[in-house]
file query-v7.cif (mmCIF, C-alpha atoms and all ligand atoms)
data_data
#
loop_
_atom_site.label_atom_id
_atom_site.label_comp_id
_atom_site.auth_asym_id
_atom_site.auth_seq_id
_atom_site.Cartn_x
_atom_site.Cartn_y
_atom_site.Cartn_z
CA MET T 1 0.00 0.00 0.00
CA LYS T 2 1.24 3.47 -0.88
CA LEU T 3 0.06 6.36 1.31
CA ILE T 4 0.66 10.06 0.79
CA ILE T 5 0.56 12.53 3.66
CA CYS T 6 -0.39 16.08 2.75
CA GLY T 7 -1.74 19.29 4.23
CA LYS T 8 -0.97 22.93 4.74
CA GLY T 9 2.34 24.18 6.12
CA GLY T 10 2.97 23.22 9.73
CA SER T 11 -0.22 21.16 10.06
CA GLY T 12 1.68 18.11 11.33
CA LYS T 13 2.46 16.08 8.18
CA SER T 14 5.97 15.03 9.14
CA THR T 15 4.98 14.29 12.73
CA LEU T 16 2.17 12.07 11.50
CA THR T 17 4.49 10.42 8.97
CA ALA T 18 6.96 9.48 11.73
CA MET T 19 4.27 8.25 14.11
CA LEU T 20 2.62 6.17 11.37
CA ALA T 21 5.97 4.69 10.33
CA HIS T 22 6.63 3.45 13.86
CA GLU T 23 3.10 2.19 14.35
CA TYR T 24 3.13 0.18 11.10
CA ALA T 25 6.60 -1.14 12.00
CA ARG T 26 5.24 -2.31 15.38
CA LYS T 27 2.55 -4.14 13.41
CA ASN T 28 5.32 -5.97 11.53
CA PHE T 29 5.02 -4.10 8.26
CA ARG T 30 8.15 -3.23 6.33
CA VAL T 31 7.88 0.54 6.12
CA LEU T 32 9.49 2.74 3.50
CA VAL T 33 9.20 6.46 4.20
CA VAL T 34 9.73 8.64 1.15
CA ASP T 35 10.65 12.24 1.89
CA THR T 36 9.56 14.36 -1.09
CA ASP T 37 9.78 17.68 0.77
CA GLU T 38 12.65 19.50 -0.91
CA SER T 39 12.85 22.17 1.82
CA ASN T 40 12.61 20.69 5.33
CA ILE T 41 15.49 18.55 6.48
CA GLY T 42 14.38 17.06 9.81
CA LEU T 43 12.22 14.04 8.92
CA HIS T 44 15.00 11.53 9.55
CA ARG T 45 15.41 12.88 13.09
CA LEU T 46 11.68 12.60 13.79
CA ILE T 47 11.86 8.97 12.69
CA GLY T 48 15.14 8.30 14.49
CA ILE T 49 17.13 7.12 11.47
CA ASP T 50 20.26 8.39 9.68
CA ALA T 51 19.76 10.84 6.82
CA PRO T 52 20.30 9.00 3.51
CA VAL T 53 22.12 10.49 0.51
CA ASP T 54 19.50 12.13 -1.72
CA LEU T 55 18.20 9.73 -4.37
CA MET T 56 18.71 12.50 -6.91
CA GLU T 57 22.46 11.95 -6.59
CA TYR T 58 22.06 8.40 -7.90
CA PHE T 59 20.88 9.97 -11.16
CA GLY T 60 23.83 12.35 -11.38
CA GLY T 61 22.35 15.07 -9.22
CA ARG T 62 20.79 18.09 -10.80
CA PRO T 63 23.20 18.16 -13.82
CA GLY T 64 22.65 14.47 -14.62
CA MET T 65 18.90 14.76 -14.35
CA LYS T 66 18.85 17.95 -16.38
CA GLU T 67 20.70 16.17 -19.18
CA LYS T 68 18.10 13.37 -19.28
CA ILE T 69 15.22 15.81 -19.10
CA MET T 70 16.61 18.07 -21.84
CA ALA T 71 17.26 15.07 -24.09
CA ALA T 72 13.51 14.39 -24.08
CA ALA T 73 12.49 18.04 -24.62
CA PRO T 74 9.90 19.18 -25.51
CA ASP T 75 8.10 15.92 -24.67
CA TYR T 76 8.86 15.77 -20.96
CA ALA T 77 6.34 12.97 -20.45
CA LYS T 78 8.89 10.72 -22.19
CA VAL T 79 11.63 11.28 -19.58
CA LYS T 80 12.37 7.92 -18.04
CA LEU T 81 14.65 8.16 -15.02
CA ILE T 82 13.97 4.68 -13.62
CA GLU T 83 14.01 1.91 -16.22
CA GLU T 84 13.31 -1.17 -14.09
CA PRO T 85 10.82 -1.62 -11.25
CA TRP T 86 12.40 -1.25 -7.81
CA LYS T 87 11.58 -3.29 -4.74
CA PHE T 88 12.25 -2.51 -1.07
CA ASP T 89 15.46 -4.52 -1.19
CA SER T 90 16.74 -3.32 -4.56
CA ILE T 91 16.98 0.40 -3.76
CA PRO T 92 20.70 1.18 -4.02
CA ALA T 93 22.10 0.85 -0.49
CA ASP T 94 23.81 4.25 -0.37
CA TYR T 95 20.51 6.01 -1.01
CA VAL T 96 18.39 4.40 1.66
CA SER T 97 18.75 4.45 5.46
CA ARG T 98 17.46 1.42 7.26
CA LYS T 99 16.75 0.77 10.91
CA ASP T 100 14.81 -2.28 12.02
CA ASN T 101 11.62 -2.37 9.93
CA ILE T 102 11.83 1.23 8.74
CA ALA T 103 13.66 2.56 5.69
CA LEU T 104 13.95 6.16 4.52
CA VAL T 105 14.57 7.54 1.04
CA SER T 106 14.93 11.27 0.51
CA ILE T 107 14.33 12.45 -3.06
CA GLY T 108 16.34 15.66 -2.94
CA LYS T 109 16.83 18.89 -1.03
CA ILE T 110 17.42 22.44 -2.22
CA GLN T 111 21.03 23.24 -1.22
CA HIS T 112 22.10 26.45 -2.94
CA SER T 113 20.76 29.84 -3.80
CA GLY T 114 19.76 30.01 -7.46
CA GLU T 115 20.18 26.28 -8.10
CA GLY T 116 16.88 26.05 -10.00
CA CYS T 117 13.35 24.87 -9.39
CA ALA T 118 12.23 21.64 -7.77
CA CYS T 119 10.81 20.16 -11.00
CA PRO T 120 13.44 17.40 -11.28
CA MET T 121 12.68 16.32 -7.70
CA GLY T 122 8.97 16.22 -8.49
CA MET T 123 9.58 14.12 -11.58
CA LEU T 124 11.81 11.71 -9.66
CA SER T 125 9.32 11.46 -6.78
CA ARG T 126 6.58 10.37 -9.13
CA GLN T 127 8.68 7.91 -11.09
CA PHE T 128 10.18 6.43 -7.93
CA LEU T 129 6.75 5.81 -6.38
CA GLN T 130 5.46 4.47 -9.68
CA SER T 131 8.38 2.06 -10.03
CA LEU T 132 8.11 0.58 -6.53
CA GLN T 133 6.80 -2.97 -6.47
CA LEU T 134 5.61 -3.95 -3.02
CA ALA T 135 5.39 -7.26 -1.23
CA GLU T 136 2.33 -8.07 0.85
CA ASN T 137 3.50 -6.50 4.10
CA ASP T 138 5.24 -3.50 2.61
CA ILE T 139 3.92 -0.02 3.13
CA VAL T 140 5.15 3.23 1.63
CA ILE T 141 4.46 6.48 3.48
CA THR T 142 5.28 9.61 1.50
CA ASP T 143 5.69 12.92 3.28
CA THR T 144 5.07 15.92 1.02
CA GLU T 145 5.85 19.61 1.03
CA ALA T 146 3.14 21.99 2.20
CA GLY T 147 0.25 22.71 -0.12
CA ILE T 148 -0.82 21.02 -3.33
CA GLU T 149 2.04 21.28 -5.77
CA HIS T 150 2.53 17.50 -5.52
CA PHE T 151 -0.92 17.09 -7.08
CA GLY T 152 0.20 19.24 -10.00
CA ARG T 153 3.22 17.00 -10.40
CA GLY T 154 1.05 13.88 -10.49
CA ILE T 155 2.74 12.34 -7.45
CA ASP T 156 -0.59 11.58 -5.77
CA GLU T 157 -1.71 9.50 -8.75
CA GLU T 158 0.75 6.83 -7.57
CA ALA T 159 -0.97 6.50 -4.16
CA ASP T 160 -3.59 4.08 -2.87
CA GLY T 161 -4.62 6.50 -0.16
CA ILE T 162 -4.16 10.21 0.55
CA LEU T 163 -4.10 11.32 4.18
CA MET T 164 -4.66 15.02 4.58
CA VAL T 165 -3.73 16.57 7.92
CA LEU T 166 -5.93 19.50 8.98
CA ASP T 167 -4.92 21.83 11.77
CA PRO T 168 -7.73 23.92 13.23
CA SER T 169 -7.62 26.78 10.73
CA PHE T 170 -9.86 28.26 8.06
CA GLU T 171 -6.98 27.72 5.63
CA SER T 172 -6.91 23.97 6.26
CA VAL T 173 -10.66 23.67 5.74
CA GLY T 174 -10.35 25.53 2.42
CA LEU T 175 -7.47 23.30 1.37
CA ALA T 176 -9.47 20.20 2.32
CA GLU T 177 -12.30 21.32 0.05
CA LYS T 178 -9.86 21.95 -2.79
CA ILE T 179 -8.24 18.53 -2.34
CA THR T 180 -11.69 16.93 -2.22
CA THR T 181 -12.43 18.48 -5.63
CA ILE T 182 -9.03 17.51 -7.06
CA THR T 183 -9.28 13.89 -5.89
CA ASP T 184 -12.89 13.43 -7.04
CA GLY T 185 -12.72 10.99 -9.91
CA MET T 186 -9.08 10.04 -9.28
CA GLY T 187 -10.20 6.75 -7.74
CA ILE T 188 -7.96 7.21 -4.71
CA SER T 189 -9.29 7.21 -1.14
CA LEU T 190 -9.02 10.55 0.65
CA TYR T 191 -8.86 10.59 4.44
CA PHE T 192 -8.79 13.56 6.80
CA ILE T 193 -6.90 13.65 10.09
CA LEU T 194 -7.75 16.53 12.41
CA ASN T 195 -4.62 17.52 14.30
CA ARG T 196 -4.27 19.69 17.41
CA VAL T 197 -8.04 19.88 17.89
CA ASN T 198 -10.37 19.83 20.87
CA SER T 199 -14.00 18.72 20.61
CA GLU T 200 -15.29 22.22 19.91
CA MET T 201 -12.82 22.75 17.05
CA SER T 202 -13.63 19.32 15.67
CA ALA T 203 -17.37 20.12 15.63
CA THR T 204 -16.71 23.41 13.80
CA ILE T 205 -14.52 21.73 11.18
CA ARG T 206 -17.03 18.93 10.68
CA LYS T 207 -19.76 21.49 9.93
CA LYS T 208 -17.58 23.28 7.38
CA LEU T 209 -16.39 20.23 5.43
CA SER T 210 -18.49 18.93 2.56
CA LYS T 211 -17.25 15.40 3.30
CA PRO T 212 -16.90 15.14 7.10
CA GLY T 213 -17.28 11.37 6.73
CA ASN T 214 -13.69 11.31 5.43
CA ILE T 215 -12.38 12.19 8.91
CA ILE T 216 -10.76 9.08 10.35
CA ALA T 217 -8.87 10.45 13.33
CA GLU T 218 -8.60 13.33 15.73
CA ILE T 219 -5.34 14.08 17.46
CA PRO T 220 -5.37 16.52 20.37
CA ASP T 221 -2.83 19.24 20.92
CA ASP T 222 -0.30 17.23 22.87
CA PRO T 223 2.51 18.93 24.82
CA ASP T 224 4.53 15.74 24.62
CA ILE T 225 4.46 15.74 20.79
CA LEU T 226 5.41 19.42 20.77
CA SER T 227 8.35 18.99 23.14
CA THR T 228 9.62 15.95 21.22
CA GLY T 229 9.44 18.05 18.05
CA LEU T 230 11.53 20.73 19.73
CA SER T 231 14.08 18.32 21.20
CA GLY T 232 15.14 16.86 17.85
CA ASP T 233 14.45 13.38 19.23
CA ALA T 234 12.52 10.67 17.43
CA ILE T 235 8.81 10.35 17.99
CA THR T 236 8.56 6.63 18.56
CA ARG T 237 6.07 6.15 21.36
CA GLN T 238 2.84 4.25 20.93
CA TYR T 239 -0.08 6.62 20.69
CA ALA T 240 -3.73 5.56 20.87
CA PRO T 241 -5.13 7.89 18.16
CA ILE T 242 -2.53 6.59 15.67
CA GLU T 243 -3.28 2.96 16.52
CA ALA T 244 -6.97 3.70 15.95
CA LEU T 245 -6.25 5.58 12.72
CA ILE T 246 -4.43 2.64 11.14
CA LYS T 247 -7.50 0.46 11.63
CA GLU T 248 -9.50 2.89 9.46
CA ILE T 249 -7.21 2.47 6.46
CA PRO T 250 -7.88 -0.72 4.53
CA ASN T 251 -4.63 -2.46 3.69
CA ASN T 252 -4.92 -3.78 0.16
N1 LIG I 301 -0.76 16.88 17.90
C1 LIG I 301 0.21 17.76 18.12
N2 LIG I 301 0.34 18.36 19.35
C2 LIG I 301 1.31 19.27 19.57
N3 LIG I 301 2.21 19.66 18.67
C3 LIG I 301 2.13 19.12 17.44
C4 LIG I 301 1.15 18.15 17.10
N4 LIG I 301 1.35 17.78 15.81
C5 LIG I 301 2.40 18.49 15.37
N5 LIG I 301 2.88 19.30 16.33
C6 LIG I 301 3.99 20.26 16.22
O1 LIG I 301 3.67 21.16 15.17
C7 LIG I 301 4.85 21.57 14.49
C8 LIG I 301 4.71 21.29 13.01
O2 LIG I 301 4.67 19.87 12.82
P1 LIG I 301 5.28 19.19 11.51
O3 LIG I 301 6.67 19.63 11.28
O4 LIG I 301 5.00 17.76 11.63
O5 LIG I 301 4.35 19.87 10.43
P2 LIG I 301 4.50 19.76 8.85
O6 LIG I 301 3.10 19.82 8.33
O7 LIG I 301 5.33 18.61 8.47
O8 LIG I 301 5.25 21.13 8.53
P3 LIG I 301 5.90 21.55 7.09
O9 LIG I 301 4.74 22.07 6.28
O10 LIG I 301 6.86 22.61 7.47
O11 LIG I 301 6.52 20.34 6.49
C9 LIG I 301 5.99 20.84 15.16
O12 LIG I 301 6.55 21.69 16.12
C10 LIG I 301 5.30 19.64 15.83
O13 LIG I 301 6.02 19.18 16.96
MG MG I 302 7.01 18.50 7.19
#

call {"tool": "encode", "arguments": {"input": "query-v7.cif", "output": "structure tokens", "more": "lines below"}}
Ligand SMILES: Nc1ncnc2c1ncn2[C@@H]1O[C@H](COP(=O)(O)OP(=O)(O)OP(=O)(O)O)[C@@H](O)[C@H]1O
Ligand SMILES: [Mg+2]
result
Amino acid sequence: MKLIICGKGGSGKSTLTAMLAHEYARKNFRVLVVDTDESNIGLHRLIGIDAPVDLMEYFGGRPGMKEKIMAAAPDYAKVKLIEEPWKFDSIPADYVSRKDNIALVSIGKIQHSGEGCACPMGMLSRQFLQSLQLAENDIVITDTEAGIEHFGRGIDEEADGILMVLDPSFESVGLAEKITTITDGMGISLYFILNRVNSEMSATIRKKLSKPGNIIAEIPDDPDILSTGLSGDAITRQYAPIEALIKEIPNN
């Protein structure tokens, strides 16, 4: 199963990604986390795993990828970065960090001023997810950058389920409605996770959403989660709302 975690900036995507990774690992899944956020650099710490070398480097970094992309111009749909399907165990070892049942691949990070846009990363993210062939107990959890650019890049089309994190803000509700419209007809399940909410906030959000039935979990504002986020430590503890959430996502 391939899951994508999305939502507005700071809503809790990476925190949820790390907590889900550990919960699925406790349930004996082999978990591959894919970090497609080209800006933030802390996901590996939240998971408690070494930072891998960016997968982009395997393809020659930005110059190597640019060469491949320009060779296909103007028909960019023809760019083929990954020729063969990849499996959990065939990802080149230097480009994946592994610890127990959790592995992490990072597509690429912006490093320098003026280095260019994130289009090559977006292209690689999509092709990597598309190429992954999973065994029965494998799960892929993809953390995305804030907003909806990943939809524009077609990354979400490679998912079996999209988990949108909503913090209690008007902005998140608006984004949820937009994502509902975008995913209509895509044939991919859309789930909402309300984060940092109390019961009053939850009731307000439920009234505003056109599809409140898509809400599968509510996570309270938790000082423990916040202080772990500040400490730079991994967020590994078992957490009842996450255990309950997993039961709502059919594993097929
Ligand atoms: N349920 C929660 N209770 C308290 N703090 C939380 C909760 N969920 C997330 N946080 C805190 O909110 C902040 C943002 O979380 P996180 O980095 O996971 O968001 P994000 O959506 O990945 O952000 P970005 O858009 O920058 O990638 C962090 O400080 C995190 O510790
Ligand atoms: Mg994040």

call {"tool": "residues_near_ligand", "arguments": {"input": "query-v7.cif", "ligand": "ligand MG 302 (chain I)", "cutoff": "9 Å", "atoms": "all atoms listed in the file", "output": "ChimeraX atom specification"}}
result
/T:6,9-15,17,35,37,39-43,143-146

call {"tool": "closest_residue", "arguments": {"input": "query-v7.cif", "among": "T:Val173, T:Leu190, T:Val53, T:Met164", "to": "ligand LIG 301 (chain I)", "atoms": "only C-alpha atoms and all ligand atoms"}}
result
T:Met164

call {"tool": "residues_near_point", "arguments": {"input": "query-v7.cif", "point": "(-12.0, 31.3, 8.7)", "cutoff": "12 Å", "atoms": "all atoms listed in the file", "output": "JSON list (two decimals) with C-alpha atoms, in the coordinates of the input"}}
result
[["chain", "number", "residue", "atom", "x", "y", "z"],
["T", 168, "PRO", "CA", -7.73, 23.92, 13.23],
["T", 169, "SER", "CA", -7.62, 26.78, 10.73],
["T", 170, "PHE", "CA", -9.86, 28.26, 8.06],
["T", 171, "GLU", "CA", -6.98, 27.72, 5.63],
["T", 172, "SER", "CA", -6.91, 23.97, 6.26],
["T", 173, "VAL", "CA", -10.66, 23.67, 5.74],
["T", 174, "GLY", "CA", -10.35, 25.53, 2.42],
["T", 175, "LEU", "CA", -7.47, 23.30, 1.37],
["T", 201, "MET", "CA", -12.82, 22.75, 17.05],
["T", 204, "THR", "CA", -16.71, 23.41, 13.80],
["T", 205, "ILE", "CA", -14.52, 21.73, 11.18],
["T", 208, "LYS", "CA", -17.58, 23.28, 7.38]]

call {"tool": "residues_around", "arguments": {"input": "query-v7.cif", "residues": "Ile215 in chain T", "least_positions_apart": "5", "cutoff": "6 Å", "atoms": "all atoms listed in the file", "output": "list in words"}}
result
Tyr191, Phe192 and Ile193 of chain T

call {"tool": "residues_around", "arguments": {"input": "query-v7.cif", "residues": "Ile219 in chain T", "least_positions_apart": "3", "cutoff": "7 Å", "atoms": "all atoms listed in the file", "output": "list in words"}}
result
Leu194, Asn195, Arg196, Val197 and Pro241 of chain T

call {"tool": "closest_residue", "arguments": {"input": "query-v7.cif", "among": "T:Ala176, T:Ile249, T:Ala103, T:Ala118", "to": "Asp138 in chain T", "atoms": "all atoms listed in the file"}}
result
T:Ala103

call {"tool": "closest_residue", "arguments": {"input": "query-v7.cif", "among": "T:Thr181, T:Thr236, T:Gln130, T:Asn214", "to": "Arg45 in chain T", "atoms": "only C-alpha atoms"}}
result
T:Thr236

call {"tool": "build_atoms", "arguments": {"input": "query-v7.cif", "residues": "range 77-96 of chain T", "atoms": "N, CA and C atoms", "output": "PDB file, in the frame of the given file"}}
result
ATOM      1  N   ALA T  77       7.016  14.180 -20.931  1.00  0.00           N
ATOM      2  CA  ALA T  77       6.340  12.970 -20.450  1.00  0.00           C
ATOM      3  C   ALA T  77       7.173  11.729 -20.784  1.00  0.00           C
ATOM      4  N   LYS T  78       8.090  11.883 -21.755  1.00  0.00           N
ATOM      5  CA  LYS T  78       8.890  10.720 -22.190  1.00  0.00           C
ATOM      6  C   LYS T  78      10.134  10.507 -21.315  1.00  0.00           C
ATOM      7  N   VAL T  79      10.418  11.431 -20.417  1.00  0.00           N
ATOM      8  CA  VAL T  79      11.630  11.280 -19.580  1.00  0.00           C
ATOM      9  C   VAL T  79      11.480  10.047 -18.711  1.00  0.00           C
ATOM     10  N   LYS T  80      12.451   9.144 -18.848  1.00  0.00           N
ATOM     11  CA  LYS T  80      12.370   7.920 -18.040  1.00  0.00           C
ATOM     12  C   LYS T  80      13.635   7.842 -17.196  1.00  0.00           C
ATOM     13  N   LEU T  81      13.482   8.162 -15.912  1.00  0.00           N
ATOM     14  CA  LEU T  81      14.650   8.160 -15.020  1.00  0.00           C
ATOM     15  C   LEU T  81      14.910   6.758 -14.490  1.00  0.00           C
ATOM     16  N   ILE T  82      13.828   6.029 -14.201  1.00  0.00           N
ATOM     17  CA  ILE T  82      13.970   4.680 -13.620  1.00  0.00           C
ATOM     18  C   ILE T  82      13.473   3.676 -14.651  1.00  0.00           C
ATOM     19  N   GLU T  83      14.363   2.834 -15.124  1.00  0.00           N
ATOM     20  CA  GLU T  83      14.010   1.910 -16.220  1.00  0.00           C
ATOM     21  C   GLU T  83      13.301   0.663 -15.701  1.00  0.00           C
ATOM     22  N   GLU T  84      13.842   0.092 -14.604  1.00  0.00           N
ATOM     23  CA  GLU T  84      13.310  -1.170 -14.090  1.00  0.00           C
ATOM     24  C   GLU T  84      12.500  -0.912 -12.829  1.00  0.00           C
ATOM     25  N   PRO T  85      11.512  -1.777 -12.526  1.00  0.00           N
ATOM     26  CA  PRO T  85      10.820  -1.620 -11.250  1.00  0.00           C
ATOM     27  C   PRO T  85      11.782  -1.815 -10.071  1.00  0.00           C
ATOM     28  N   TRP T  86      11.586  -1.072  -9.008  1.00  0.00           N
ATOM     29  CA  TRP T  86      12.400  -1.250  -7.810  1.00  0.00           C
ATOM     30  C   TRP T  86      11.560  -1.890  -6.721  1.00  0.00           C
ATOM     31  N   LYS T  87      12.232  -2.691  -5.899  1.00  0.00           N
ATOM     32  CA  LYS T  87      11.580  -3.290  -4.740  1.00  0.00           C
ATOM     33  C   LYS T  87      12.244  -2.736  -3.493  1.00  0.00           C
ATOM     34  N   PHE T  88      11.668  -2.993  -2.318  1.00  0.00           N
ATOM     35  CA  PHE T  88      12.250  -2.510  -1.070  1.00  0.00           C
ATOM     36  C   PHE T  88      13.742  -2.832  -0.990  1.00  0.00           C
ATOM     37  N   ASP T  89      14.085  -4.068  -1.396  1.00  0.00           N
ATOM     38  CA  ASP T  89      15.460  -4.520  -1.190  1.00  0.00           C
ATOM     39  C   ASP T  89      16.396  -4.128  -2.329  1.00  0.00           C
ATOM     40  N   SER T  90      15.847  -3.605  -3.433  1.00  0.00           N
ATOM     41  CA  SER T  90      16.740  -3.320  -4.560  1.00  0.00           C
ATOM     42  C   SER T  90      17.070  -1.827  -4.680  1.00  0.00           C
ATOM     43  N   ILE T  91      16.590  -1.028  -3.741  1.00  0.00           N
ATOM     44  CA  ILE T  91      16.980   0.400  -3.760  1.00  0.00           C
ATOM     45  C   ILE T  91      18.466   0.457  -3.428  1.00  0.00           C
ATOM     46  N   PRO T  92      19.260   1.160  -4.256  1.00  0.00           N
ATOM     47  CA  PRO T  92      20.700   1.180  -4.020  1.00  0.00           C
ATOM     48  C   PRO T  92      21.041   1.571  -2.576  1.00  0.00           C
ATOM     49  N   ALA T  93      21.880   0.761  -1.935  1.00  0.00           N
ATOM     50  CA  ALA T  93      22.100   0.850  -0.490  1.00  0.00           C
ATOM     51  C   ALA T  93      22.531   2.232  -0.008  1.00  0.00           C
ATOM     52  N   ASP T  94      23.320   2.939  -0.822  1.00  0.00           N
ATOM     53  CA  ASP T  94      23.810   4.250  -0.370  1.00  0.00           C
ATOM     54  C   ASP T  94      22.695   5.291  -0.283  1.00  0.00           C
ATOM     55  N   TYR T  95      21.567   4.996  -0.896  1.00  0.00           N
ATOM     56  CA  TYR T  95      20.510   6.010  -1.010  1.00  0.00           C
ATOM     57  C   TYR T  95      19.298   5.678  -0.147  1.00  0.00           C
ATOM     58  N   VAL T  96      19.480   4.743   0.755  1.00  0.00           N
ATOM     59  CA  VAL T  96      18.390   4.400   1.660  1.00  0.00           C
ATOM     60  C   VAL T  96      18.970   4.162   3.054  1.00  0.00           C
TER      61      VAL T  96
END
